[in-house]
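A.B. asks: The structure follows.
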Number of protein chains: 4
Amino acid sequence: MAVAGKRKLRRPEKADANRKGLFQAAAYVVGKHGYANASIGRITERCGLAQGTFYLYFDSRQDLFDQLLPAVGEEMIAYVSKAVHGSRDYFDVERRGLSAFFDYLTKNSGFFRILYESDSVSPEATRTHYENLARKYLKVLERARAEHQIRALTNVERDVLIYVLMGARDYLYRNLVLRGGADETRRNEIVEAFVSILRNGIGPEQTTP
Amino acid sequence: MAVAGKRKLRRPEKADANRKGLFQAAAYVVGKHGYANASIGRITERCGLAQGTFYLYFDSRQDLFDQLLPAVGEEMIAYVSKAVHGSRDYFDVERRGLSAFFDYLTKNSGFFRILYESDSVSPEATRTHYENLARKYLKVLERARAEHQIRALTNVERDVLIYVLMGARDYLYRNLVLRGGADETRRNEIVEAFVSILRNGIGPEQTTP
Amino acid sequence: MAVAGKRKLRRPEKADANRKGLFQAAAYVVGKHGYANASIGRITERCGLAQGTFYLYFDSRQDLFDQLLPAVGEEMIAYVSKAVHGSRDYFDVERRGLSAFFDYLTKNSGFFRILYESDSVSPEATRTHYENLARKYLKVLERARAEHQIRALTNVERDVLIYVLMGARDYLYRNLVLRGGADETRRNEIVEAFVSILRNGIGPEQTTP
Amino acid sequence: MAVAGKRKLRRPEKADANRKGLFQAAAYVVGKHGYANASIGRITERCGLAQGTFYLYFDSRQDLFDQLLPAVGEEMIAYVSKAVHGSRDYFDVERRGLSAFFDYLTKNSGFFRILYESDSVSPEATRTHYENLARKYLKVLERARAEHQIRALTNVERDVLIYVLMGARDYLYRNLVLRGGADETRRNEIVEAFVSILRNGIGPEQTTP
DNA sequence: CATGAATGAGGATTCATTCAT
DNA sequence: CATGAATGAATCCTCATTCAT
């Protein structure tokens, strides 16, 4: 894809590897120490490059930060997307999606720090990430509605729903899974409880007359 | 006690005023520039004190950061609590609560930055804040249930619900209100849509047989 | 002693106690942390006074430092003088003097730090202290010579001797007693060895023809 | 190798020059103003480097202080060693040694300040220096004894002697040469007087019966 | 006399960025 | 392309000293 530029691009593998290495190192360092403590020195040291080399791949520290969250965000989205593939129905998608999200974060504990601090460090990057995510949710919801697996929603309801779902994953992970130290069983309970509330709401029981 | 011409503050009053001034200045500066850029110089300058004076009130910059979120968090909680006072029923509480939350943040735009970055800067402060918040939600839910305004929930469902509600406020504000630039009307629609989903869930319509 | 000034000197005991307390606290703090880290805050805290009070008794931090070594030095000299009282002869004076010096320092471990750093912090104070000390040595030596307990010395020899004796006490204590961790027995050996060298020198034995 | 036009230093040469320059500047500044006032700024300014550059060569200010005395100490020892080379006998070594010591200090007036304050600033560095010095003295004494130029000494006497000699150089220089402002002639008298006392001690004359 | 809050200058250290090699 | 030495601005914290109470 893309028209090949005419410029010399010899040894492109090496260059790509360096660039990728810098991203990975940055993800690690930011995830562990935060943006504020993610110095160029720390990042380049981690991937075995010299400090000056950094500037061959990024214009500035800020430039890296502007690209970091979208990059790691895509990875997370891909991970979850793969996990929900082949779900029975919409609620199964949510079930598996939340579960996969928990998995991903357990394995990539730095993700949240990148996500959270990114808001201040690079609002643009944050916006991009959330847009990517919202697009994904939208597609899933439209399909679910097309197949009558969920009730009809107004446009506003749909928008609200998207961010409620997003916020839920975030807050449930951070507060109940991470801070609560939930084991496998507990995690499943959390997932089921979430799906139950999502499906039924919490309105009062119909009192049969 | 207190003829109190407005002129001169007594010693302890002055101390209180200084401490409070530092908190306010810190909230402003952190909200606007982030913890990383919230230098003692910026903070003290904003409230008209000398840099050294800072250390009469806080042990260190970290000490301030450890106290900041709980302090502003309480303010936010108090604001919302006051707004929901006198609600008709539980769903009215949620309606007014979300609305008041939007209000508060519109007026205190720095709150989210303080909240978000606090997670890395002072995990303890963040934990305290979320605990304060969770306690509040729990009380409201228990009362709602006691008055049969919501359906019976398992313990897990209740815990999940609390964080879904918290996350919803957060994500709805940031993505739809703030980023979406919602006006009064749109805000109300958002609030109503949220309450509707909360009450009914999104399960498919009962197809009458 | 001294003619009473006409100025009001009410409550002089309290004032004297404070002044003395400041000296003691300063000796402790400087001895333990060094002049550089002997802040007014630390000193006044140790003797239970407010920081500002310090300036009622001393013009400045430097003023205190200018008086500190002579003050503690006199104490040391007095301690040693008392110990040598009643000695058999000159070499007994040296023997007991060195021993008492070791004792004093063991009990007042901060003395050396005050002495050593004083040279840079307050050359004047240091000069005064060494002069006090030299005067003492001189008196002892003159008497010893008068009683033919030591051989005749030229003026230069006498001056040299005084500082050799002073230096010996210093270096023997620091290197053999303190750093070497000498016990009672070892200390006595050191003292005797010193007196032996002092008395006889280290010239080669007379080879009897 | 090296054509080496004088113009440009190669990388590693430059590094060596910088390190050396920092040491020299530090020796000057500490000697003149004391450790406490030897700020990185003063030191780097003196050798024409930027403040940050300091940290390419030393881990911290303390790291420099830990290396300073041993470094200048070796220089002093080397200077004296060279001066005593070719002495007639042991007492000639002491004569020339003391004289060279006076010379060295006259030319390097900061040495003593480095030495004295080092005790508090870096005990380890001080220990190292005195050990280096003691080793030197020991070697000289053992040789002198082997050649029967001095009388037999017990082990304790030998240890005591070493530190008496060290202390003598120190105290004689500081009190008689430096403070006393001794000229060439007076210095020689001092040296001779010292050697005389060292050789013969100060015991009373043998009264021939 | 005594207090201690307030000041503001000073200093160690870190780090993004540049540039000669 | 890659390096890493050099820079110097920025920032937290300490502390001697002053002064209103």
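Ordering of the structure tokens sets the chain letters (A, B, ...), residue numbers begin anew at 1 in every chain, and ligands are numbered from 1 in the order given.
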Tell me as a ChimeraX atom specification which residues belonging to chain C come within 10 Å of chain F, counting only C-alpha atoms (C1' of nucleotides).
C.D. replies: /C:37,39-41,51-52,55,60-61
A.B. asks: Residues of stretch 43-173 of chain B classed as helix (DSSP H, G or I) by DSSP on the backbone are to be reported as a PyMOL selection string.
C.D. replies: chain B and resi 43-46+51-57+61-84+90-107+111-121+123-146+155-173
A.B. asks: Cα RMSD of chain D on chain C, all Cα atoms paired in order, least-squares fit?
C.D. replies: 4.1 Å
A.B. asks: Atom CA of A:Phe101 to atom CA of A:Ala182: how many Å, to one decimal?
C.D. replies: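 Computed distance, atom CA of A:Phe101 to atom CA of A:Ala182, equals 13.9 Å.
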A.B. asks: If the cut-off is 10 Å, can you tell me the residues of chain E near chain C, counting only C-alpha atoms (C1' of nucleotides)? I'd like them as an NGL selection string.
C.D. replies: :E and (1-4)
A.B. asks: Let's have the selection written as an mmCIF file, in the first residue's frame, with N, CA and C atoms (P, O5', C5', C4', C3', O3' and C1' of nucleotides).
C.D. replies:
```cif
data_model
loop_
_atom_site.group_PDB
_atom_site.id
_atom_site.type_symbol
_atom_site.label_atom_id
_atom_site.label_comp_id
_atom_site.auth_asym_id
_atom_site.auth_seq_id
_atom_site.Cartn_x
_atom_site.Cartn_y
_atom_site.Cartn_z
ATOM 1 P P DC E 1 17.809 40.043 79.260
ATOM 2 O "O5'" DC E 1 17.223 39.874 77.820
ATOM 3 C "C5'" DC E 1 15.885 40.153 77.443
ATOM 4 C "C4'" DC E 1 14.963 38.987 77.680
ATOM 5 C "C3'" DC E 1 15.227 37.833 76.726
ATOM 6 O "O3'" DC E 1 14.885 36.630 77.383
ATOM 7 C "C1'" DC E 1 13.092 38.770 76.317
ATOM 8 P P DA E 2 15.216 35.200 76.721
ATOM 9 O "O5'" DA E 2 13.920 34.975 75.806
ATOM 10 C "C5'" DA E 2 12.690 34.668 76.440
ATOM 11 C "C4'" DA E 2 11.684 34.210 75.407
ATOM 12 C "C3'" DA E 2 12.248 33.256 74.357
ATOM 13 O "O3'" DA E 2 11.385 32.132 74.362
ATOM 14 C "C1'" DA E 2 11.113 35.063 73.318
ATOM 15 P P DT E 3 11.609 30.943 73.299
ATOM 16 O "O5'" DT E 3 10.632 31.375 72.138
ATOM 17 C "C5'" DT E 3 9.246 31.449 72.410
ATOM 18 C "C4'" DT E 3 8.510 31.914 71.180
ATOM 19 C "C3'" DT E 3 8.754 31.045 69.943
ATOM 20 O "O3'" DT E 3 7.573 30.345 69.666
ATOM 21 C "C1'" DT E 3 8.777 33.374 69.445
ATOM 22 P P DG E 4 7.650 28.843 69.118
ATOM 23 O "O5'" DG E 4 7.302 29.093 67.587
ATOM 24 C "C5'" DG E 4 6.221 29.956 67.231
ATOM 25 C "C4'" DG E 4 6.398 30.404 65.795
ATOM 26 C "C3'" DG E 4 7.037 29.377 64.871
ATOM 27 O "O3'" DG E 4 6.601 29.608 63.550
ATOM 28 C "C1'" DG E 4 8.335 31.251 64.860
#
```
A.B. asks: When the cut-off is 8 Å and we count only C-alpha atoms, which residues of chain D are near chain C, given as a VMD selection string?
C.D. replies: chain D and resid 33 to 34 36 113 116 to 117 120 148 to 152 156 to 157 160 to 161 163 to 168 170 to 172 175 to 176 189 to 190 193 to 194 197 to 205
A.B. asks: Write out as a PyMOL selection string which residues come within 9 Å of stretch 74-81 of chain C when counting only C-alpha atoms (C1' of nucleotides), dropping same-chain ones fewer than 5 positions away.
C.D. replies: chain C and resi 69+96-101+104-105+111+129+132-133+136
A.B. asks: Would you output that residue set with all heavy atoms, as a short mmCIF file (atom, residue, chain, number, x, y, z; two decimals), in the first residue's frame?
C.D. replies:
```
data_model
loop_
_atom_site.label_atom_id
_atom_site.label_comp_id
_atom_site.auth_asym_id
_atom_site.auth_seq_id
_atom_site.Cartn_x
_atom_site.Cartn_y
_atom_site.Cartn_z
N LEU C 69 35.10 26.89 69.34
CA LEU C 69 36.30 26.10 69.63
C LEU C 69 37.04 26.57 70.87
O LEU C 69 37.38 25.74 71.72
CB LEU C 69 37.24 26.08 68.42
CG LEU C 69 38.57 25.36 68.66
CD1 LEU C 69 38.35 23.91 69.09
CD2 LEU C 69 39.45 25.42 67.42
N ARG C 96 50.58 11.05 81.72
CA ARG C 96 49.21 11.26 82.18
C ARG C 96 48.42 12.16 81.24
O ARG C 96 47.23 11.99 81.04
CB ARG C 96 49.22 11.91 83.57
CG ARG C 96 49.80 11.01 84.64
CD ARG C 96 49.29 11.48 85.98
NE ARG C 96 50.14 11.10 87.09
CZ ARG C 96 49.89 11.43 88.35
NH1 ARG C 96 48.84 12.20 88.63
NH2 ARG C 96 50.68 11.04 89.31
N GLY C 97 49.13 13.14 80.70
CA GLY C 97 48.47 14.08 79.80
C GLY C 97 47.93 13.38 78.56
O GLY C 97 46.77 13.57 78.18
N LEU C 98 48.75 12.56 77.95
CA LEU C 98 48.31 11.86 76.75
C LEU C 98 47.14 10.94 77.08
O LEU C 98 46.14 10.86 76.36
CB LEU C 98 49.47 11.06 76.16
CG LEU C 98 49.19 10.31 74.87
CD1 LEU C 98 48.64 11.22 73.79
CD2 LEU C 98 50.46 9.60 74.36
N SER C 99 47.29 10.27 78.21
CA SER C 99 46.24 9.35 78.63
C SER C 99 44.92 10.09 78.86
O SER C 99 43.85 9.64 78.41
CB SER C 99 46.69 8.67 79.92
OG SER C 99 46.10 7.41 80.02
N ALA C 100 45.02 11.21 79.53
CA ALA C 100 43.81 11.99 79.82
C ALA C 100 43.19 12.53 78.53
O ALA C 100 41.97 12.59 78.37
CB ALA C 100 44.13 13.15 80.75
N PHE C 101 44.07 12.88 77.62
CA PHE C 101 43.60 13.37 76.33
C PHE C 101 42.79 12.28 75.62
O PHE C 101 41.69 12.53 75.10
CB PHE C 101 44.81 13.78 75.48
CG PHE C 101 44.47 14.43 74.18
CD1 PHE C 101 43.97 15.72 74.14
CD2 PHE C 101 44.67 13.76 72.99
CE1 PHE C 101 43.68 16.33 72.93
CE2 PHE C 101 44.39 14.36 71.77
CZ PHE C 101 43.88 15.65 71.74
N TYR C 104 39.47 12.04 77.38
CA TYR C 104 38.56 13.14 77.08
C TYR C 104 37.90 12.95 75.72
O TYR C 104 36.70 13.12 75.57
CB TYR C 104 39.31 14.47 77.10
CG TYR C 104 38.40 15.63 76.82
CD1 TYR C 104 37.62 16.17 77.84
CD2 TYR C 104 38.28 16.17 75.55
CE1 TYR C 104 36.75 17.22 77.59
CE2 TYR C 104 37.42 17.21 75.28
CZ TYR C 104 36.65 17.74 76.32
OH TYR C 104 35.78 18.76 76.06
N LEU C 105 38.69 12.55 74.76
CA LEU C 105 38.15 12.41 73.41
C LEU C 105 37.21 11.23 73.29
O LEU C 105 36.25 11.25 72.52
CB LEU C 105 39.28 12.31 72.41
CG LEU C 105 39.95 13.66 72.21
CD1 LEU C 105 41.19 13.52 71.35
CD2 LEU C 105 38.97 14.63 71.57
N PHE C 111 34.73 16.48 69.70
CA PHE C 111 35.76 17.51 69.83
C PHE C 111 36.62 17.67 68.59
O PHE C 111 36.91 18.77 68.14
CB PHE C 111 36.65 17.23 71.05
CG PHE C 111 37.73 18.24 71.24
CD1 PHE C 111 37.46 19.47 71.82
CD2 PHE C 111 39.03 17.99 70.81
CE1 PHE C 111 38.47 20.42 71.98
CE2 PHE C 111 40.04 18.93 70.96
CZ PHE C 111 39.75 20.15 71.54
N HIS C 129 42.69 28.90 70.02
CA HIS C 129 42.77 27.62 70.70
C HIS C 129 44.21 27.11 70.78
O HIS C 129 44.68 26.71 71.84
CB HIS C 129 41.90 26.59 69.99
CG HIS C 129 42.11 25.20 70.49
ND1 HIS C 129 41.72 24.79 71.75
CD2 HIS C 129 42.71 24.12 69.92
CE1 HIS C 129 42.04 23.52 71.93
NE2 HIS C 129 42.64 23.09 70.83
N ASN C 132 46.25 29.05 73.27
CA ASN C 132 45.94 28.62 74.63
C ASN C 132 46.72 27.37 74.98
O ASN C 132 47.29 27.22 76.06
CB ASN C 132 44.45 28.34 74.79
CG ASN C 132 43.63 29.60 74.72
OD1 ASN C 132 44.16 30.71 74.88
ND2 ASN C 132 42.34 29.46 74.47
N LEU C 133 46.70 26.46 74.02
CA LEU C 133 47.33 25.18 74.22
C LEU C 133 48.85 25.34 74.32
O LEU C 133 49.49 24.76 75.21
CB LEU C 133 46.97 24.27 73.04
CG LEU C 133 46.87 22.77 73.28
CD1 LEU C 133 46.02 22.48 74.52
CD2 LEU C 133 46.26 22.12 72.05
N LYS C 136 50.12 26.62 77.58
CA LYS C 136 50.11 25.55 78.58
C LYS C 136 51.37 24.69 78.49
O LYS C 136 52.05 24.43 79.48
CB LYS C 136 48.88 24.67 78.32
CG LYS C 136 48.44 23.88 79.52
CD LYS C 136 47.63 24.75 80.44
CE LYS C 136 47.47 24.05 81.79
NZ LYS C 136 46.83 24.97 82.75
#
```
A.B. asks: Have a look at atom CA of B:Thr126 and atom CA of A:Glu94 and let me know their distance in Å, one decimal.
C.D. replies: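 For atom CA of B:Thr126 relative to atom CA of A:Glu94, the distance reads 27.9 Å.
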A.B. asks: Just the number, please: distance in Å from atom CA of B:Phe58 to atom CA of B:Thr44, one decimal.
C.D. replies: 12.0 Å
A.B. asks: Hey, which of D:Thr185, D:Thr128, D:Ser109, D:Gln24 ends up closest to D:Leu64? Count only C-alpha atoms.
C.D. replies: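 Of D:Thr185, D:Thr128, D:Ser109, D:Gln24, the one nearest D:Leu64 is D:Gln24, counting only C-alpha atoms.
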